[in-house]
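Asks: input.tsv is reproduced below (TSV, C-alpha atoms).
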chain	number	residue	atom	x	y	z
B	20	MET	CA	-14.98	18.25	-0.09
B	21	SER	CA	-15.48	22.02	0.08
B	22	GLY	CA	-11.72	22.58	0.07
B	23	LEU	CA	-11.32	20.35	-2.99
B	24	GLN	CA	-14.09	22.23	-4.78
B	25	ILE	CA	-12.51	25.59	-3.98
B	26	LEU	CA	-9.16	24.35	-5.28
B	27	ALA	CA	-10.87	23.07	-8.44
B	28	PHE	CA	-12.64	26.38	-8.96
B	29	VAL	CA	-9.41	28.36	-8.56
B	30	SER	CA	-7.62	26.02	-10.96
B	31	GLY	CA	-10.38	26.31	-13.56
B	32	LEU	CA	-10.54	30.09	-13.19
B	33	ALA	CA	-6.77	30.39	-13.61
B	34	GLY	CA	-6.97	28.18	-16.67
B	35	LEU	CA	-9.71	30.38	-18.11
B	36	GLY	CA	-7.55	33.48	-17.56
B	37	ALA	CA	-4.59	31.83	-19.27
B	38	THR	CA	-6.81	30.80	-22.19
B	39	ILE	CA	-8.06	34.37	-22.62
B	40	GLY	CA	-4.50	35.71	-22.45
B	41	ALA	CA	-3.30	33.25	-25.06
B	42	THR	CA	-6.22	34.05	-27.37
B	43	VAL	CA	-5.61	37.80	-27.46
B	44	SER	CA	-1.82	37.48	-27.56
B	45	ASN	CA	0.14	38.30	-30.71
B	46	GLU	CA	2.99	35.89	-29.96
B	47	TRP	CA	1.67	32.63	-31.30
B	48	ARG	CA	4.72	32.40	-33.49
B	49	ALA	CA	7.86	34.49	-33.81
B	50	THR	CA	10.50	34.87	-36.48
B	51	SER	CA	13.27	32.32	-36.28
B	52	ARG	CA	16.56	34.15	-35.65
B	53	ALA	CA	18.47	31.28	-37.25
B	54	SER	CA	16.92	31.87	-40.67
B	55	SER	CA	16.46	35.63	-40.43
B	56	VAL	CA	18.78	37.76	-42.53
B	57	ILE	CA	18.20	40.94	-40.54
B	58	THR	CA	18.49	40.03	-36.87
B	59	ALA	CA	17.62	43.55	-35.67
B	60	THR	CA	13.98	43.10	-36.64
B	61	TRP	CA	11.51	40.32	-35.98
B	62	VAL	CA	7.94	39.43	-36.83
B	63	LEU	CA	5.27	38.22	-34.43
B	64	GLN	CA	2.01	36.65	-35.54
B	65	GLY	CA	-1.13	35.81	-33.62
B	66	LEU	CA	-4.67	34.77	-34.34
B	67	TRP	CA	-5.81	38.35	-34.89
B	68	ASN	CA	-2.75	40.53	-35.66
B	69	ASN	CA	0.59	40.56	-37.41
B	70	CYS	CA	3.27	42.57	-35.64
B	71	ALA	CA	6.77	43.73	-36.54
B	72	GLY	CA	9.33	44.98	-34.03
B	73	ASN	CA	12.89	46.16	-34.01
B	74	ALA	CA	15.82	46.40	-31.65
B	75	ILE	CA	14.91	49.87	-30.35
B	76	GLY	CA	11.58	48.58	-28.98
B	77	ALA	CA	9.18	49.84	-31.63
B	78	LEU	CA	6.33	47.45	-32.36
B	79	HIS	CA	3.77	47.92	-35.12
B	80	CYS	CA	0.75	45.67	-35.45
B	81	ARG	CA	-1.97	45.38	-38.05
B	82	PRO	CA	-5.00	43.09	-37.91
B	83	HIS	CA	-5.86	40.47	-40.46
B	84	HIS	CA	-7.94	42.40	-42.98
B	85	THR	CA	-9.75	39.35	-44.29
B	86	ILE	CA	-11.36	36.28	-42.85
B	87	LEU	CA	-12.14	34.19	-45.90
B	88	GLN	CA	-8.57	34.34	-47.22
B	89	LEU	CA	-7.00	33.23	-43.96
B	90	GLU	CA	-5.50	29.78	-43.82
B	91	GLY	CA	-7.75	27.05	-42.52
B	92	TYR	CA	-5.74	26.18	-39.43
B	93	ILE	CA	-5.87	29.80	-38.21
B	94	GLN	CA	-9.65	29.86	-38.53
B	95	ALA	CA	-9.89	26.51	-36.76
B	96	CYS	CA	-7.70	27.77	-33.91
B	97	ARG	CA	-9.85	30.89	-33.61
B	98	GLY	CA	-13.01	28.84	-33.29
B	99	LEU	CA	-11.49	26.42	-30.78
B	100	MET	CA	-10.15	29.20	-28.57
B	101	ILE	CA	-13.46	31.07	-28.59
B	102	ALA	CA	-15.25	27.84	-27.70
B	103	ALA	CA	-12.75	27.24	-24.89
B	104	ILE	CA	-13.41	30.71	-23.45
B	105	CYS	CA	-17.19	30.26	-23.59
B	106	LEU	CA	-17.06	26.82	-21.98
B	107	GLY	CA	-14.71	28.07	-19.28
B	108	PHE	CA	-17.00	31.01	-18.54
B	109	PHE	CA	-20.08	28.81	-18.17
B	110	GLY	CA	-18.04	26.38	-16.10
B	111	SER	CA	-16.99	29.14	-13.71
B	112	ILE	CA	-20.57	30.35	-13.20
B	113	SER	CA	-21.84	26.79	-12.71
B	114	ALA	CA	-19.04	26.02	-10.26
B	115	LEU	CA	-20.00	29.00	-8.11
B	116	VAL	CA	-23.55	27.69	-7.92
B	117	GLY	CA	-22.61	24.04	-7.41
B	118	MET	CA	-19.99	24.39	-4.68
B	119	LYS	CA	-21.02	23.33	-1.19
B	120	CYS	CA	-19.65	26.52	0.37
B	121	THR	CA	-22.26	28.65	-1.43
B	122	LYS	CA	-25.89	28.97	-0.37
B	123	ILE	CA	-27.48	28.88	-3.81
B	124	GLY	CA	-28.37	25.96	-6.01
B	125	GLY	CA	-30.81	23.98	-3.85
B	126	ASN	CA	-30.05	20.82	-1.91
B	127	ASP	CA	-26.83	18.85	-1.98
B	128	LYS	CA	-27.98	16.53	-4.75
B	129	ASN	CA	-28.82	19.41	-7.11
B	130	LYS	CA	-25.59	21.20	-6.24
B	131	ALA	CA	-23.65	18.02	-7.00
B	132	ARG	CA	-25.22	17.83	-10.45
B	133	ILE	CA	-24.40	21.47	-11.15
B	134	ALA	CA	-20.82	20.93	-9.99
B	135	CYS	CA	-20.51	17.93	-12.29
B	136	PHE	CA	-21.81	20.06	-15.18
B	137	ALA	CA	-19.23	22.73	-14.34
B	138	GLY	CA	-16.47	20.12	-14.27
B	139	GLY	CA	-17.50	18.87	-17.69
B	140	ASN	CA	-17.39	22.41	-19.07
B	141	PHE	CA	-13.91	22.96	-17.67
B	142	ILE	CA	-12.67	19.70	-19.17
B	143	LEU	CA	-14.12	20.54	-22.58
B	144	SER	CA	-12.63	24.02	-22.38
B	145	GLY	CA	-9.20	22.58	-21.67
B	146	LEU	CA	-9.51	20.11	-24.54
B	147	CYS	CA	-10.47	22.86	-26.99
B	148	SER	CA	-7.56	25.06	-25.95
B	149	LEU	CA	-5.17	22.11	-26.03
B	150	SER	CA	-6.31	21.16	-29.53
B	151	ALA	CA	-5.94	24.71	-30.87
B	152	CYS	CA	-2.43	25.21	-29.48
B	153	SER	CA	-1.30	21.77	-30.61
B	154	LEU	CA	-2.66	22.31	-34.13
B	155	TYR	CA	-0.88	25.67	-34.44
B	156	ALA	CA	2.36	24.25	-33.04
B	157	HIS	CA	2.21	21.30	-35.42
B	158	ARG	CA	1.97	23.67	-38.36
B	159	ILE	CA	4.97	25.70	-37.14
B	160	THR	CA	7.18	22.66	-36.55
B	161	THR	CA	6.20	21.10	-39.88
B	162	GLU	CA	7.26	24.21	-41.78
B	163	PHE	CA	10.41	24.68	-39.71
B	164	PHE	CA	11.79	21.18	-40.29
B	165	ASP	CA	10.74	20.99	-43.94
B	166	PRO	CA	13.89	21.44	-46.06
B	167	MET	CA	11.78	22.28	-49.12
B	168	TYR	CA	10.03	25.18	-47.38
B	169	ILE	CA	11.83	28.33	-48.53
B	170	ALA	CA	9.58	31.00	-47.03
B	171	GLN	CA	10.09	32.69	-43.68
B	172	LYS	CA	10.29	30.15	-40.87
B	173	TYR	CA	8.88	30.74	-37.42
B	174	GLU	CA	9.35	29.35	-33.94
B	175	LEU	CA	6.89	28.62	-31.15
B	176	GLY	CA	5.64	31.76	-29.45
B	177	ALA	CA	4.93	32.39	-25.79
B	178	ALA	CA	1.16	32.31	-26.33
B	179	LEU	CA	1.30	28.60	-27.14
B	180	PHE	CA	2.91	27.75	-23.82
B	181	ILE	CA	0.39	29.95	-21.99
B	182	GLY	CA	-2.44	28.18	-23.80
B	183	TRP	CA	-1.06	24.74	-22.94
B	184	SER	CA	-0.74	25.73	-19.28
B	185	GLY	CA	-4.29	27.05	-19.22
B	186	SER	CA	-5.66	23.88	-20.80
B	187	VAL	CA	-3.93	21.71	-18.20
B	188	LEU	CA	-5.33	23.85	-15.37
B	189	CYS	CA	-8.85	23.65	-16.81
B	190	ILE	CA	-8.68	19.88	-17.17
B	191	LEU	CA	-7.35	19.47	-13.63
B	192	GLY	CA	-10.02	21.77	-12.20
B	193	GLY	CA	-12.80	19.97	-14.05
B	194	SER	CA	-11.54	16.56	-12.94
B	195	MET	CA	-11.38	17.64	-9.30
B	196	LEU	CA	-14.91	19.04	-9.49
B	197	CYS	CA	-16.24	15.77	-10.90
B	198	CYS	CA	-14.42	13.75	-8.22
B	199	SER	CA	-15.69	15.96	-5.39
B	200	ILE	CA	-19.36	15.02	-5.88
B	201	THR	CA	-19.00	11.30	-5.11
B	202	ALA	CA	-19.86	11.77	-1.44
B	203	SER	CA	-23.04	13.70	-2.28
B	204	PHE	CA	-24.84	10.64	-3.67
B	205	PRO	CA	-25.81	8.16	-0.90
B	206	LYS	CA	-26.17	4.45	-1.43
B	207	SER	CA	-29.31	3.24	-3.12
B	208	GLN	CA	-32.25	2.12	-0.95
B	209	SER	CA	-32.17	-1.45	-2.24
B	210	GLN	CA	-28.49	-1.79	-1.38
B	211	VAL	CA	-29.11	-0.42	2.12
B	212	ASN	CA	-32.03	-2.82	2.68
B	213	TYR	CA	-29.96	-5.75	1.47
B	214	ILE	CA	-27.13	-4.90	3.85
B	215	TYR	CA	-29.57	-4.41	6.73
B	216	ASN	CA	-31.43	-7.66	6.11
B	217	GLY	CA	-28.21	-9.56	5.76
B	218	ALA	CA	-26.97	-8.23	9.08
B	219	VAL	CA	-30.25	-9.15	10.85
B	220	SER	CA	-30.21	-12.68	9.46
B	221	HIS	CA	-26.63	-13.20	10.52
B	222	SER	CA	-27.30	-11.99	14.06
B	223	HIS	CA	-30.41	-14.20	14.31
B	224	ILE	CA	-28.51	-17.34	13.31
B	225	SER	CA	-25.51	-16.60	15.49
B	226	SER	CA	-27.73	-16.19	18.61
B	227	TYR	CA	-28.30	-19.96	18.78
B	228	PRO	CA	-25.58	-22.37	19.92
B	229	ARG	CA	-24.13	-24.65	17.34
B	230	GLY	CA	-26.43	-27.57	16.64
B	231	GLN	CA	-29.48	-25.85	18.25
B	232	ALA	CA	-30.55	-23.52	15.46
B	233	LYS	CA	-34.01	-25.16	15.22
B	234	SER	CA	-36.77	-22.67	15.85
B	235	ALA	CA	-39.46	-23.13	18.48
B	236	ASN	CA	-42.16	-23.56	15.85
B	237	GLN	CA	-40.50	-26.74	14.60
B	238	ARG	CA	-40.54	-28.51	18.02
B	239	PRO	CA	-43.04	-31.44	18.33
B	240	PRO	CA	-46.18	-30.62	20.35
B	241	PRO	CA	-46.42	-32.19	23.87
B	242	ASP	CA	-48.36	-35.48	24.26
B	243	TYR	CA	-51.17	-35.15	26.82
B	244	SER	CA	-52.66	-38.65	26.23
B	245	SER	CA	-50.90	-40.31	29.23
B	246	SER	CA	-51.95	-37.60	31.69
B	247	SER	CA	-55.57	-37.74	30.53
B	248	ARG	CA	-55.62	-41.51	30.98
B	249	THR	CA	-54.23	-41.18	34.50
B	250	GLN	CA	-56.91	-38.69	35.48
B	251	HIS	CA	-59.64	-40.94	34.06
B	252	PHE	CA	-58.29	-43.92	36.02
B	253	ASP	CA	-58.28	-41.94	39.26
B	254	LYS	CA	-61.91	-40.96	38.83
B	255	ASN	CA	-62.96	-44.58	38.31
B	256	ALA	CA	-61.09	-45.61	41.43
B	257	TYR	CA	-63.02	-43.21	43.61
B	258	VAL	CA	-66.31	-44.33	42.17
Please express what this file holds, its structure, as structure tokens.
Replies:
Amino acid sequence: MSGLQILAFVSGLAGLGATIGATVSNEWRATSRASSVITATWVLQGLWNNCAGNAIGALHCRPHHTILQLEGYIQACRGLMIAAICLGFFGSISALVGMKCTKIGGNDKNKARIACFAGGNFILSGLCSLSACSLYAHRITTEFFDPMYIAQKYELGAALFIGWSGSVLCILGGSMLCCSITASFPKSQSQVNYIYNGAVSHSHISSYPRGQAKSANQRPPPDYSSSSRTQHFDKNAYV
């Protein structure tokens, strides 16, 4: 179980790193070369900056100067990615405490609960990142395949694929953490007593031969009336 927990922690931590990298990246979408008139320059857009580059390698970026005038899907993606980073961070700290290979967190039962909490955080982090990247990609593909859309069209950027990979790693790590705690919870006392009593009863019945399972308490008591009469007759004979 310790090896599974270590693998889950590494997977969740790698997913958190990929989520952070996708969040700060400026390549959420890139200019489509098919619809671009000037192929020597291209435009990259992210959640925080707009960048323009050219064939000689120069890249100029400027941040979004406003928040309220941004489109709604960009704000939603920002919030989801920030939530994914926060959940992944808390999941990583909780996983360190809840793993069996560490000496903090109390007994095995408490550590199992902490590990389950960490797994839930990793799963939620992956779902938030997956939702943000999918929402952004849906907007790009909708505009790209819309024949009535005459503005600049964009293609999927590298940050989206990094975000999808990170979300999958977080979900896998959280699932493995939740599955690794099953051995930490023993069977309930009532179930153990039932199994024990059932085994005792079975062994008690099987100790008798077939057809002789009657207990000793159910045997008829011996009849001493004939012996007492014989003794009384012998005394009268001697008299």
Asks: Taking all atoms listed in the file into account, name the residue in B:Ile25, B:Met100, B:Ile123, B:Ala49 that is nearest to B:Leu175.
Replies: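 Using all atoms listed in the file, the shortest distance to B:Leu175 belongs to B:Ala49.
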Asks: Quick one, how far is atom CA of B:Gly117 from atom CA of B:Asn140?
Replies: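 Pair atom CA of B:Gly117 / atom CA of B:Asn140 returns 12.9 Å.
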Asks: To one decimal in Å, tell me the separation between atom CA of B:Ala151 and atom CA of B:Val62.
Replies: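 Separation of atom CA of B:Ala151 and atom CA of B:Val62: 21.1 Å.
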Asks: Hey, can I get the axis-aligned box for stretch 196-200 of chain B? All listed atoms, 8 Å padding on each side, centre and edge lengths in Å to one decimal, as JSON.
Replies:
{"center_x": -16.9, "center_y": 16.4, "center_z": -8.1, "size_x": 20.9, "size_y": 21.3, "size_z": 21.5}
Asks: So which one's closest to B:Ser148, B:Ala27, B:Cys70, B:Leu99, B:Ala178? Using only C-alpha atoms, please.
Replies: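 Among the listed residues, the smallest separation from B:Ser148 belongs to B:Leu99.
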Asks: Compare B:Ala177, B:Leu149, B:Ile86, B:Ile142 by their minimum atom-to-atom distance to B:Cys189, counting only C-alpha atoms, and give me the closest one.
Replies: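 Residue with the minimum atom-to-atom distance to B:Cys189: B:Ile142.
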Asks: List every protein, DNA or RNA residue that has an atom no more than 10 Å from (13.2, 44.2, -35.4) in the file's coordinate frame, counting all atoms listed in the file, and report them as a PDB file with C-alpha atoms, in the coordinates of the input.
Replies:
ATOM      1  CA  THR B  50      10.500  34.870 -36.480  1.00  0.00           C
ATOM      2  CA  ILE B  57      18.200  40.940 -40.540  1.00  0.00           C
ATOM      3  CA  THR B  58      18.490  40.030 -36.870  1.00  0.00           C
ATOM      4  CA  ALA B  59      17.620  43.550 -35.670  1.00  0.00           C
ATOM      5  CA  THR B  60      13.980  43.100 -36.640  1.00  0.00           C
ATOM      6  CA  TRP B  61      11.510  40.320 -35.980  1.00  0.00           C
ATOM      7  CA  VAL B  62       7.940  39.430 -36.830  1.00  0.00           C
ATOM      8  CA  LEU B  63       5.270  38.220 -34.430  1.00  0.00           C
ATOM      9  CA  ALA B  71       6.770  43.730 -36.540  1.00  0.00           C
ATOM     10  CA  GLY B  72       9.330  44.980 -34.030  1.00  0.00           C
ATOM     11  CA  ASN B  73      12.890  46.160 -34.010  1.00  0.00           C
ATOM     12  CA  ALA B  74      15.820  46.400 -31.650  1.00  0.00           C
ATOM     13  CA  ILE B  75      14.910  49.870 -30.350  1.00  0.00           C
ATOM     14  CA  GLY B  76      11.580  48.580 -28.980  1.00  0.00           C
ATOM     15  CA  ALA B  77       9.180  49.840 -31.630  1.00  0.00           C
ATOM     16  CA  LEU B  78       6.330  47.450 -32.360  1.00  0.00           C
TER      17      LEU B  78
END
Asks: Could you give me, as a list in words, the residues within 10 Å of stretch 156-168 of chain B, counting all atoms listed in the file and dropping anything in the same chain fewer than 2 positions from it?
Replies: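 After dropping sequence-adjacent residues, the list is Trp47, Arg48, Ala49, Ser51, Ser54, Tyr92, Ile93, Ser150, Ala151, Cys152, Ser153, Leu154, Ala170, Gln171, Lys172, Tyr173, Glu174, Leu175, Gly176, Leu179 and Phe180 of chain B.
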Asks: Please produce an output containing C-alpha atoms for each residue in the selection, written as a PDB file, in the frame of the given file.
Replies:
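The result, stored in part_38.pdb:
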ATOM      1  CA  TRP B  47       1.670  32.630 -31.300  1.00  0.00           C
ATOM      2  CA  ARG B  48       4.720  32.400 -33.490  1.00  0.00           C
ATOM      3  CA  ALA B  49       7.860  34.490 -33.810  1.00  0.00           C
ATOM      4  CA  SER B  51      13.270  32.320 -36.280  1.00  0.00           C
ATOM      5  CA  SER B  54      16.920  31.870 -40.670  1.00  0.00           C
ATOM      6  CA  TYR B  92      -5.740  26.180 -39.430  1.00  0.00           C
ATOM      7  CA  ILE B  93      -5.870  29.800 -38.210  1.00  0.00           C
ATOM      8  CA  SER B 150      -6.310  21.160 -29.530  1.00  0.00           C
ATOM      9  CA  ALA B 151      -5.940  24.710 -30.870  1.00  0.00           C
ATOM     10  CA  CYS B 152      -2.430  25.210 -29.480  1.00  0.00           C
ATOM     11  CA  SER B 153      -1.300  21.770 -30.610  1.00  0.00           C
ATOM     12  CA  LEU B 154      -2.660  22.310 -34.130  1.00  0.00           C
ATOM     13  CA  ALA B 170       9.580  31.000 -47.030  1.00  0.00           C
ATOM     14  CA  GLN B 171      10.090  32.690 -43.680  1.00  0.00           C
ATOM     15  CA  LYS B 172      10.290  30.150 -40.870  1.00  0.00           C
ATOM     16  CA  TYR B 173       8.880  30.740 -37.420  1.00  0.00           C
ATOM     17  CA  GLU B 174       9.350  29.350 -33.940  1.00  0.00           C
ATOM     18  CA  LEU B 175       6.890  28.620 -31.150  1.00  0.00           C
ATOM     19  CA  GLY B 176       5.640  31.760 -29.450  1.00  0.00           C
ATOM     20  CA  LEU B 179       1.300  28.600 -27.140  1.00  0.00           C
ATOM     21  CA  PHE B 180       2.910  27.750 -23.820  1.00  0.00           C
TER      22      PHE B 180
END
Asks: Hey, can you check how far atom CA of B:Asn126 sits from atom CA of B:Leu191?
Replies: 25.6 Å
Asks: Name all residues at most 9 Å from B:Thr42 (count all atoms listed in the file; drop same-chain ones fewer than 3 positions away) and give them as an NGL selection string.
Replies: :B and (37-39 or 45 or 47 or 65-67 or 97 or 100-101 or 104 or 178 or 182)
Asks: Print the selection's residues with C-alpha atoms to a file, as a CSV table (one decimal), in the coordinates of the input.
Replies:
chain,number,residue,atom,x,y,z
B,37,ALA,CA,-4.6,31.8,-19.3
B,38,THR,CA,-6.8,30.8,-22.2
B,39,ILE,CA,-8.1,34.4,-22.6
B,45,ASN,CA,0.1,38.3,-30.7
B,47,TRP,CA,1.7,32.6,-31.3
B,65,GLY,CA,-1.1,35.8,-33.6
B,66,LEU,CA,-4.7,34.8,-34.3
B,67,TRP,CA,-5.8,38.4,-34.9
B,97,ARG,CA,-9.8,30.9,-33.6
B,100,MET,CA,-10.2,29.2,-28.6
B,101,ILE,CA,-13.5,31.1,-28.6
B,104,ILE,CA,-13.4,30.7,-23.4
B,178,ALA,CA,1.2,32.3,-26.3
B,182,GLY,CA,-2.4,28.2,-23.8
Asks: Using only C-alpha atoms, which of the listed residues (B:Cys198, B:Leu87, B:Ala134, B:Leu32) sits closest to B:Cys120?
Replies: B:Ala134
Asks: Kindly extract all protein, DNA and RNA residues lying within 6 Å of the coordinates (-18.9, 20.3, -4.8) given in the file, considering all atoms listed in the file, and supply them as a list in words.
Replies: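 I get Gln24, Gly117, Met118, Lys119, Ala131, Ala134, Ser199 and Ile200 of chain B for the residues within 6 Å of that point.
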Asks: Point out the residue among B:Leu146, B:Ala114, B:Leu26, B:Ile181 with the least atom-to-atom distance to B:Ile133, counting only C-alpha atoms.
Replies: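 Under the stated criterion, the closest residue is B:Ala114.
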Asks: Using only C-alpha atoms for the distances, tell me which of B:Gln88, B:Gln94, B:Ser30, B:Asn69 is nearest to B:Ile190.
Replies: B:Ser30
